[in-house]
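Student: Quick one: the structure is below, and I'll ask about it shortly.
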Amino acid sequence: MDRMEAVVSAVLVLAGITLMSASDKLPSPGASPVLVELFTSESCSSCPPADALLQKLDQEQPISGAQVIVLSEHVDYWNHLGWSDPYSSKFFSDRQSAYAQHFSLGSAYTPQMVVDGAAELTGSDSHRASQAIEKARNQPKTSVRILSASIKTPGTLTVHVEADPLAGSSARQNPEVWLAVALDHAESQVSGGENGGRHLRHVAVVQSLTKVGDLKNGKGLVREVEVKLTPHTDTKNLRVIAFVQQSGPGLVLGAAMQRVGQ
């Protein structure tokens, strides 16, 4: 009987995982894209709740009228605490430092969430995150499109990106087009540091963030971009995110997301 109960329990758990994965909520048609960046670290004990909130925003799309497009950017400055985050990079630490200057903060911290380059907050604060997303969805956005994202050559991802021209003051503020390649889902069994013994799960873990070009003189952008993938990357577990942002980094003016092969 005990063995049967265990089998039934295992089946239900697997079914629950399948149902949860299949029930990811799609944003409503015409929803305004809002880019939500989370600066996090597996070496930080305060970060798992923020990682969970980012997953909820991605899966449930809880803000009406907004397409929440998420990025998980793992910083490297906590790696000395007994665990080296395998997804961390100095590039993301430097990007977060630039945001700290942009928001006139004394220093960077984790977990930190940045919404559309316009607001920053503690990454686990769901109430403030919702407020920031609701505000960002009402801002005018330029159209960004990912026409295709596929593996044509082993180890290389080819992405076709388009961005419409900007008008008015936005066109005069050095807007840049960026392309992020991210793991759709990732996880770690942490063996040391503040999260030692925990099994951590993440969504949209950025592997690379590449500047594609600039939007200048009222002109749009059409570009085919080739990105070298990290060795042994599961190409079925990738998403790409393209966005337009004022240099600095500053305000995000438009964004789009697509899973590879779709």
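Just so we're on the same page: first chain in the structure tokens is A, next is B, and so on; residues restart at 1 for each chain, and ligands are numbered from 1 in the order they show up.
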As an MDAnalysis selection string, list the residues of stretch 8-252 of chain A assigned to helix (DSSP H, G or I) by DSSP on the backbone atoms of this structure.
Tutor: chainID A and resid 8:22 47:60 79:81 90:102 126:137 168:172 235:237
Student: Residues at most 6 Å from stretch 204-209 of chain A, counting only C-alpha atoms, excluding those fewer than 3 positions away in the same chain, as a JSON list (two decimals) with N, CA and C atoms, in the first residue's frame?
Tutor:
[["chain", "number", "residue", "atom", "x", "y", "z"],
["A", 71, "LEU", "N", 14.12, 39.16, -17.76],
["A", 71, "LEU", "CA", 15.52, 38.80, -17.90],
["A", 71, "LEU", "C", 16.09, 38.55, -16.51],
["A", 72, "SER", "N", 16.77, 37.42, -16.34],
["A", 72, "SER", "CA", 17.46, 37.12, -15.10],
["A", 72, "SER", "C", 18.95, 37.28, -15.33],
["A", 73, "GLU", "N", 19.54, 38.30, -14.71],
["A", 73, "GLU", "CA", 20.95, 38.63, -14.92],
["A", 73, "GLU", "C", 21.72, 38.37, -13.62],
["A", 179, "LEU", "N", 20.11, 42.62, -28.03],
["A", 179, "LEU", "CA", 19.58, 41.26, -28.17],
["A", 179, "LEU", "C", 20.12, 40.40, -27.05],
["A", 180, "ALA", "N", 19.21, 39.80, -26.29],
["A", 180, "ALA", "CA", 19.59, 38.89, -25.21],
["A", 180, "ALA", "C", 19.25, 37.46, -25.61],
["A", 181, "VAL", "N", 20.17, 36.55, -25.36],
["A", 181, "VAL", "CA", 19.93, 35.12, -25.51],
["A", 181, "VAL", "C", 19.90, 34.53, -24.12],
["A", 182, "ALA", "N", 18.80, 33.87, -23.78],
["A", 182, "ALA", "CA", 18.61, 33.40, -22.40],
["A", 182, "ALA", "C", 18.14, 31.96, -22.36],
["A", 183, "LEU", "N", 18.55, 31.27, -21.31],
["A", 183, "LEU", "CA", 18.01, 29.93, -21.04],
["A", 183, "LEU", "C", 16.57, 30.08, -20.60],
["A", 184, "ASP", "N", 15.68, 29.34, -21.23],
["A", 184, "ASP", "CA", 14.27, 29.40, -20.88],
["A", 184, "ASP", "C", 14.08, 29.09, -19.40]]
Student: From a DSSP pass on the backbone, collect the residues of stretch 14-250 of chain A flagged as strand (DSSP E or B) and hand them back as number ranges by chain.
Tutor: A: 32-40, 66-74, 88, 112-115, 119-122, 144-153, 156-163, 175-189, 199-214, 221-228, 238-246
Student: Measuring atom to atom with only C-alpha atoms, identify which of A:Gly193, A:Gly218, A:Pro231, A:Gly65 is nearest to A:Arg137.
Tutor: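 With only C-alpha atoms as the atom set, the closest residue is A:Gly65.
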Student: So that I can check the surroundings of stretch 224-230 of chain A, please list as a list in words every protein, DNA and RNA residue that reaches within 8 Å of it, counting only C-alpha atoms and ignoring chain neighbours fewer than 2 positions away.
Tutor: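 The residues satisfying every condition are Gly155, Thr156, Leu157, Thr158, Val159, His160, Val161, Gln207, Val212, Val222, His232 and Thr233 of chain A.
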Student: Would you mind telling me which residue in A:Ser43, A:Ser107, A:Asn174, A:Ser247 lies nearest to A:Gln189 when using only C-alpha atoms?
Tutor: A:Ser43
Student: Could you check the closest approach to A:Leu251 for each of A:Arg128, A:Val144, A:Glu120, A:Ser64 and tell me which residue wins, using only C-alpha atoms?
Tutor: A:Glu120
Student: Choose the residue, out of A:Asn79, A:Gln173, A:Ser126, A:Ser148, that has the smallest atom-to-atom separation from A:Ile63; count only C-alpha atoms.
Tutor: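 The answer is A:Ser126, which sits nearest to A:Ile63.
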